[in-house]
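Notes for the one structure printed next.
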Amino acid sequence: MQTDTALLAMLTVFQVKHFAADYLMQPACMLAGKGDFRRVGGYAHAAIHAAGSLPAYAIVGLGAGQTALLMAGEFAAHYLIDFGKAGLSSRAHASPAEQIYWSMHGADQLLHQLTYAALLAVSGMWMPA
């Protein structure tokens with residue numbers, strides 16, 4: 001598969017996975033656990049994101065070690081982004097009717113998308129010839 005086609009396929013997997021993991025697969029325990037290092041919810045949510053990216057790495061034929069490194073990086077980034085948003089949200093006491101709520105939501109999503117850009121860049125460098 002050509003590099004540009006493979007990376008576009010990866011991006012598609014990331015986007016579909018992100019929608020499913022962030023908007024369809026978050027029970028209350030995950031939502032409640034994102035702002036507390038002692039609760040499992042945020043870890044479970046980040047793990048779903050990392051595991052959901054596995055098909056993207058398979059598309060480009062990355063090795064097991066490379067895939068594990070990228071999954072670990074995504075897990076850590078996703079967890080920390082959500083942890084930060086949870087902390088800011090709890091201090092702001094913002095509702096969806098307020099602009100600050102949407103600014104925080106947008107910043108959170110932008111950081112996740114930039115994470116995917118980084119994952120694509122590294123995957124492109126590591127793709128087998």
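To be explicit about the labels: the chains of the structure tokens are called A, B, and onward in the order shown, and within each one the residues are counted from 1, while ligands get numbers from 1 in the order they are shown.
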With a distance cut-off of 8 Å and only C-alpha atoms, select the neighbouring residues of Asp108 of chain A, excluding the residue or stretch itself and same-chain residues fewer than 6 positions from it, and output the selection as a PDB file with all heavy atoms, in the first residue's frame.
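Saved as out.pdb:
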```
ATOM      1  N   ILE A  81      -4.528  14.191  28.926  1.00  0.00           N
ATOM      2  CA  ILE A  81      -5.395  15.222  28.347  1.00  0.00           C
ATOM      3  C   ILE A  81      -6.743  15.223  29.058  1.00  0.00           C
ATOM      4  O   ILE A  81      -7.253  16.278  29.462  1.00  0.00           O
ATOM      5  CB  ILE A  81      -5.560  15.007  26.828  1.00  0.00           C
ATOM      6  CG1 ILE A  81      -4.242  15.294  26.103  1.00  0.00           C
ATOM      7  CG2 ILE A  81      -6.695  15.872  26.271  1.00  0.00           C
ATOM      8  CD1 ILE A  81      -4.200  14.780  24.667  1.00  0.00           C
ATOM      9  N   ASP A  82      -7.333  14.051  29.212  1.00  0.00           N
ATOM     10  CA  ASP A  82      -8.641  13.970  29.878  1.00  0.00           C
ATOM     11  C   ASP A  82      -8.552  14.347  31.351  1.00  0.00           C
ATOM     12  O   ASP A  82      -9.468  14.983  31.892  1.00  0.00           O
ATOM     13  CB  ASP A  82      -9.233  12.567  29.733  1.00  0.00           C
ATOM     14  CG  ASP A  82      -9.819  12.330  28.351  1.00  0.00           C
ATOM     15  OD1 ASP A  82      -9.758  13.237  27.491  1.00  0.00           O
ATOM     16  OD2 ASP A  82     -10.337  11.216  28.118  1.00  0.00           O
ATOM     17  N   LYS A  85      -8.471  18.113  31.453  1.00  0.00           N
ATOM     18  CA  LYS A  85      -9.786  18.690  31.167  1.00  0.00           C
ATOM     19  C   LYS A  85     -10.728  18.500  32.347  1.00  0.00           C
ATOM     20  O   LYS A  85     -11.503  19.411  32.687  1.00  0.00           O
ATOM     21  CB  LYS A  85     -10.396  18.072  29.919  1.00  0.00           C
ATOM     22  CG  LYS A  85     -11.750  18.682  29.586  1.00  0.00           C
ATOM     23  CD  LYS A  85     -12.446  17.937  28.488  1.00  0.00           C
ATOM     24  CE  LYS A  85     -13.848  18.478  28.302  1.00  0.00           C
ATOM     25  NZ  LYS A  85     -14.726  17.515  27.674  1.00  0.00           N
TER      26      LYS A  85
END
```
List every residue of chain A that DSSP, applied to the backbone of this structure, places in helix (DSSP H, G or I), and write the result as JSON, numbers by chain.
-> {"A": [3, 4, 5, 6, 7, 8, 9, 10, 11, 12, 13, 14, 15, 16, 17, 18, 19, 20, 21, 22, 23, 24, 28, 29, 30, 31, 32, 33, 41, 42, 43, 44, 45, 46, 47, 48, 49, 50, 51, 52, 54, 55, 56, 57, 58, 59, 60, 64, 65, 66, 67, 68, 69, 70, 71, 72, 73, 74, 75, 76, 77, 78, 79, 80, 81, 82, 83, 84, 85, 86, 87, 88, 89, 90, 91, 92, 99, 100, 101, 102, 103, 104, 105, 106, 107, 108, 109, 110, 111, 112, 113, 114, 115, 116, 117, 118, 119, 120, 121, 122, 123, 124, 125, 126]}
Which one is closest to Ser123 of chain A: A:Ala21, A:Leu80, A:Ala51, A:Leu69? Count only C-alpha atoms.
->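 Ranking A:Ala21, A:Leu80, A:Ala51, A:Leu69 by distance to Ser123 of chain A, first place goes to A:Leu69.
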Would you kindly return, as a PyMOL selection string, each protein, DNA or RNA residue with an atom no farther than 10 Å from any atom of Ala58 of chain A, considering only C-alpha atoms and excluding same-chain residues fewer than 6 positions away?
-> chain A and resi 10+64+67
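Closest to His112 of chain A among A:Gly41, A:Met1, A:Gly35, A:Gly73 is A:Gly73, based on only C-alpha atoms.
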Between A:Ile59, A:Ala97, A:Ala117, A:Leu88, single out the one closest to Thr5 of chain A, counting only C-alpha atoms.
->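 Smallest distance to Thr5 of chain A is found for A:Ile59.
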Leaving out Met71 of chain A and any residue of its chain fewer than 2 positions from it, which residues lie within 9 Å of it when counting only C-alpha atoms, given as a tab-separated table (two decimals) with C-alpha atoms, in the first residue's frame?
```
chain	number	residue	atom	x	y	z
A	47	ALA	CA	-6.98	1.83	27.37
A	49	HIS	CA	-8.48	4.38	22.95
A	50	ALA	CA	-5.05	2.74	22.82
A	51	ALA	CA	-6.45	-0.71	21.99
A	53	SER	CA	-5.82	2.07	17.47
A	54	LEU	CA	-4.37	-1.42	16.96
A	66	GLN	CA	6.64	-0.25	17.56
A	67	THR	CA	2.93	-0.85	18.02
A	68	ALA	CA	3.35	-1.28	21.78
A	69	LEU	CA	5.32	1.98	22.02
A	73	GLY	CA	2.19	6.81	24.14
A	74	GLU	CA	-1.43	7.21	23.12
A	75	PHE	CA	-2.62	5.76	26.42
A	76	ALA	CA	-0.53	8.23	28.42
```
Applying 12 Å and only C-alpha atoms, which residues near Met25 of chain A remain after dropping the ones on its own chain fewer than 5 positions away? List them as a PDB file with all heavy atoms, in the first residue's frame.
```pdb
ATOM      1  N   LYS A  17     -12.582   5.380  15.580  1.00  0.00           N
ATOM      2  CA  LYS A  17     -12.314   4.894  16.941  1.00  0.00           C
ATOM      3  C   LYS A  17     -12.535   5.991  17.963  1.00  0.00           C
ATOM      4  O   LYS A  17     -13.127   5.775  19.018  1.00  0.00           O
ATOM      5  CB  LYS A  17     -10.886   4.353  17.011  1.00  0.00           C
ATOM      6  CG  LYS A  17     -10.436   3.853  18.368  1.00  0.00           C
ATOM      7  CD  LYS A  17      -9.728   4.870  19.224  1.00  0.00           C
ATOM      8  CE  LYS A  17      -8.524   5.489  18.547  1.00  0.00           C
ATOM      9  NZ  LYS A  17      -7.747   6.331  19.488  1.00  0.00           N
ATOM     10  N   HIS A  18     -12.084   7.201  17.654  1.00  0.00           N
ATOM     11  CA  HIS A  18     -12.222   8.308  18.602  1.00  0.00           C
ATOM     12  C   HIS A  18     -13.695   8.609  18.860  1.00  0.00           C
ATOM     13  O   HIS A  18     -14.100   8.782  20.020  1.00  0.00           O
ATOM     14  CB  HIS A  18     -11.506   9.554  18.072  1.00  0.00           C
ATOM     15  CG  HIS A  18     -11.456  10.648  19.083  1.00  0.00           C
ATOM     16  ND1 HIS A  18     -10.464  10.719  20.039  1.00  0.00           N
ATOM     17  CD2 HIS A  18     -12.276  11.693  19.316  1.00  0.00           C
ATOM     18  CE1 HIS A  18     -10.696  11.771  20.813  1.00  0.00           C
ATOM     19  NE2 HIS A  18     -11.786  12.372  20.382  1.00  0.00           N
ATOM     20  N   PHE A  19     -14.490   8.648  17.808  1.00  0.00           N
ATOM     21  CA  PHE A  19     -15.923   8.885  17.987  1.00  0.00           C
ATOM     22  C   PHE A  19     -16.549   7.798  18.854  1.00  0.00           C
ATOM     23  O   PHE A  19     -17.269   8.088  19.814  1.00  0.00           O
ATOM     24  CB  PHE A  19     -16.640   8.962  16.629  1.00  0.00           C
ATOM     25  CG  PHE A  19     -18.132   8.975  16.770  1.00  0.00           C
ATOM     26  CD1 PHE A  19     -18.783  10.104  17.242  1.00  0.00           C
ATOM     27  CD2 PHE A  19     -18.882   7.863  16.453  1.00  0.00           C
ATOM     28  CE1 PHE A  19     -20.160  10.123  17.401  1.00  0.00           C
ATOM     29  CE2 PHE A  19     -20.258   7.860  16.603  1.00  0.00           C
ATOM     30  CZ  PHE A  19     -20.901   8.996  17.082  1.00  0.00           C
ATOM     31  N   ALA A  20     -16.252   6.543  18.528  1.00  0.00           N
ATOM     32  CA  ALA A  20     -16.845   5.438  19.285  1.00  0.00           C
ATOM     33  C   ALA A  20     -16.392   5.456  20.746  1.00  0.00           C
ATOM     34  O   ALA A  20     -17.217   5.341  21.662  1.00  0.00           O
ATOM     35  CB  ALA A  20     -16.486   4.097  18.634  1.00  0.00           C
ATOM     36  N   MET A  30     -16.564   5.675  33.847  1.00  0.00           N
ATOM     37  CA  MET A  30     -15.418   6.246  33.126  1.00  0.00           C
ATOM     38  C   MET A  30     -15.447   7.759  33.205  1.00  0.00           C
ATOM     39  O   MET A  30     -14.420   8.390  33.450  1.00  0.00           O
ATOM     40  CB  MET A  30     -15.421   5.806  31.665  1.00  0.00           C
ATOM     41  CG  MET A  30     -14.941   4.407  31.450  1.00  0.00           C
ATOM     42  SD  MET A  30     -14.811   4.066  29.691  1.00  0.00           S
ATOM     43  CE  MET A  30     -14.590   2.306  29.752  1.00  0.00           C
ATOM     44  N   LEU A  31     -16.604   8.321  32.988  1.00  0.00           N
ATOM     45  CA  LEU A  31     -16.726   9.778  33.042  1.00  0.00           C
ATOM     46  C   LEU A  31     -16.345  10.307  34.419  1.00  0.00           C
ATOM     47  O   LEU A  31     -15.640  11.303  34.538  1.00  0.00           O
ATOM     48  CB  LEU A  31     -18.153  10.202  32.689  1.00  0.00           C
ATOM     49  CG  LEU A  31     -18.561   9.933  31.240  1.00  0.00           C
ATOM     50  CD1 LEU A  31     -20.060  10.122  31.069  1.00  0.00           C
ATOM     51  CD2 LEU A  31     -17.784  10.815  30.289  1.00  0.00           C
ATOM     52  N   GLY A  41     -11.728   4.595  36.087  1.00  0.00           N
ATOM     53  CA  GLY A  41     -12.452   5.027  34.897  1.00  0.00           C
ATOM     54  C   GLY A  41     -11.602   5.683  33.826  1.00  0.00           C
ATOM     55  O   GLY A  41     -11.712   5.355  32.639  1.00  0.00           O
ATOM     56  N   ALA A  44      -9.349   3.073  32.191  1.00  0.00           N
ATOM     57  CA  ALA A  44     -10.102   2.188  31.293  1.00  0.00           C
ATOM     58  C   ALA A  44     -10.417   2.906  29.984  1.00  0.00           C
ATOM     59  O   ALA A  44     -10.296   2.323  28.893  1.00  0.00           O
ATOM     60  CB  ALA A  44     -11.382   1.711  31.977  1.00  0.00           C
ATOM     61  N   HIS A  45     -10.811   4.165  30.082  1.00  0.00           N
ATOM     62  CA  HIS A  45     -11.132   4.947  28.879  1.00  0.00           C
ATOM     63  C   HIS A  45      -9.889   5.097  27.987  1.00  0.00           C
ATOM     64  O   HIS A  45      -9.959   4.880  26.767  1.00  0.00           O
ATOM     65  CB  HIS A  45     -11.679   6.316  29.283  1.00  0.00           C
ATOM     66  CG  HIS A  45     -11.937   7.217  28.132  1.00  0.00           C
ATOM     67  ND1 HIS A  45     -12.938   6.979  27.210  1.00  0.00           N
ATOM     68  CD2 HIS A  45     -11.326   8.363  27.736  1.00  0.00           C
ATOM     69  CE1 HIS A  45     -12.923   7.934  26.299  1.00  0.00           C
ATOM     70  NE2 HIS A  45     -11.952   8.789  26.597  1.00  0.00           N
ATOM     71  N   ALA A  46      -8.756   5.441  28.575  1.00  0.00           N
ATOM     72  CA  ALA A  46      -7.521   5.593  27.798  1.00  0.00           C
ATOM     73  C   ALA A  46      -7.096   4.256  27.186  1.00  0.00           C
ATOM     74  O   ALA A  46      -6.576   4.221  26.062  1.00  0.00           O
ATOM     75  CB  ALA A  46      -6.415   6.165  28.676  1.00  0.00           C
ATOM     76  N   ALA A  47      -7.328   3.159  27.890  1.00  0.00           N
ATOM     77  CA  ALA A  47      -6.979   1.829  27.370  1.00  0.00           C
ATOM     78  C   ALA A  47      -7.843   1.479  26.157  1.00  0.00           C
ATOM     79  O   ALA A  47      -7.346   0.873  25.194  1.00  0.00           O
ATOM     80  CB  ALA A  47      -7.129   0.775  28.465  1.00  0.00           C
ATOM     81  N   ILE A  48      -9.121   1.843  26.194  1.00  0.00           N
ATOM     82  CA  ILE A  48      -9.996   1.601  25.043  1.00  0.00           C
ATOM     83  C   ILE A  48      -9.470   2.368  23.830  1.00  0.00           C
ATOM     84  O   ILE A  48      -9.431   1.846  22.716  1.00  0.00           O
ATOM     85  CB  ILE A  48     -11.453   1.982  25.373  1.00  0.00           C
ATOM     86  CG1 ILE A  48     -12.053   0.938  26.319  1.00  0.00           C
ATOM     87  CG2 ILE A  48     -12.296   2.129  24.105  1.00  0.00           C
ATOM     88  CD1 ILE A  48     -13.393   1.319  26.894  1.00  0.00           C
ATOM     89  N   HIS A  49      -9.042   3.603  24.047  1.00  0.00           N
ATOM     90  CA  HIS A  49      -8.476   4.382  22.950  1.00  0.00           C
ATOM     91  C   HIS A  49      -7.216   3.721  22.404  1.00  0.00           C
ATOM     92  O   HIS A  49      -7.059   3.581  21.184  1.00  0.00           O
ATOM     93  CB  HIS A  49      -8.167   5.810  23.410  1.00  0.00           C
ATOM     94  CG  HIS A  49      -9.315   6.729  23.236  1.00  0.00           C
ATOM     95  ND1 HIS A  49      -9.620   7.315  22.033  1.00  0.00           N
ATOM     96  CD2 HIS A  49     -10.252   7.150  24.110  1.00  0.00           C
ATOM     97  CE1 HIS A  49     -10.691   8.071  22.174  1.00  0.00           C
ATOM     98  NE2 HIS A  49     -11.094   7.986  23.425  1.00  0.00           N
ATOM     99  N   GLY A  52      -8.047   0.489  20.630  1.00  0.00           N
ATOM    100  CA  GLY A  52      -8.804   0.750  19.413  1.00  0.00           C
ATOM    101  C   GLY A  52      -7.946   1.202  18.253  1.00  0.00           C
ATOM    102  O   GLY A  52      -8.365   1.142  17.089  1.00  0.00           O
TER     103      GLY A  52
END
```
By how many Å are atom CA of His105 of chain A and atom CA of Gln15 of chain A apart?
-> 16.5 Å
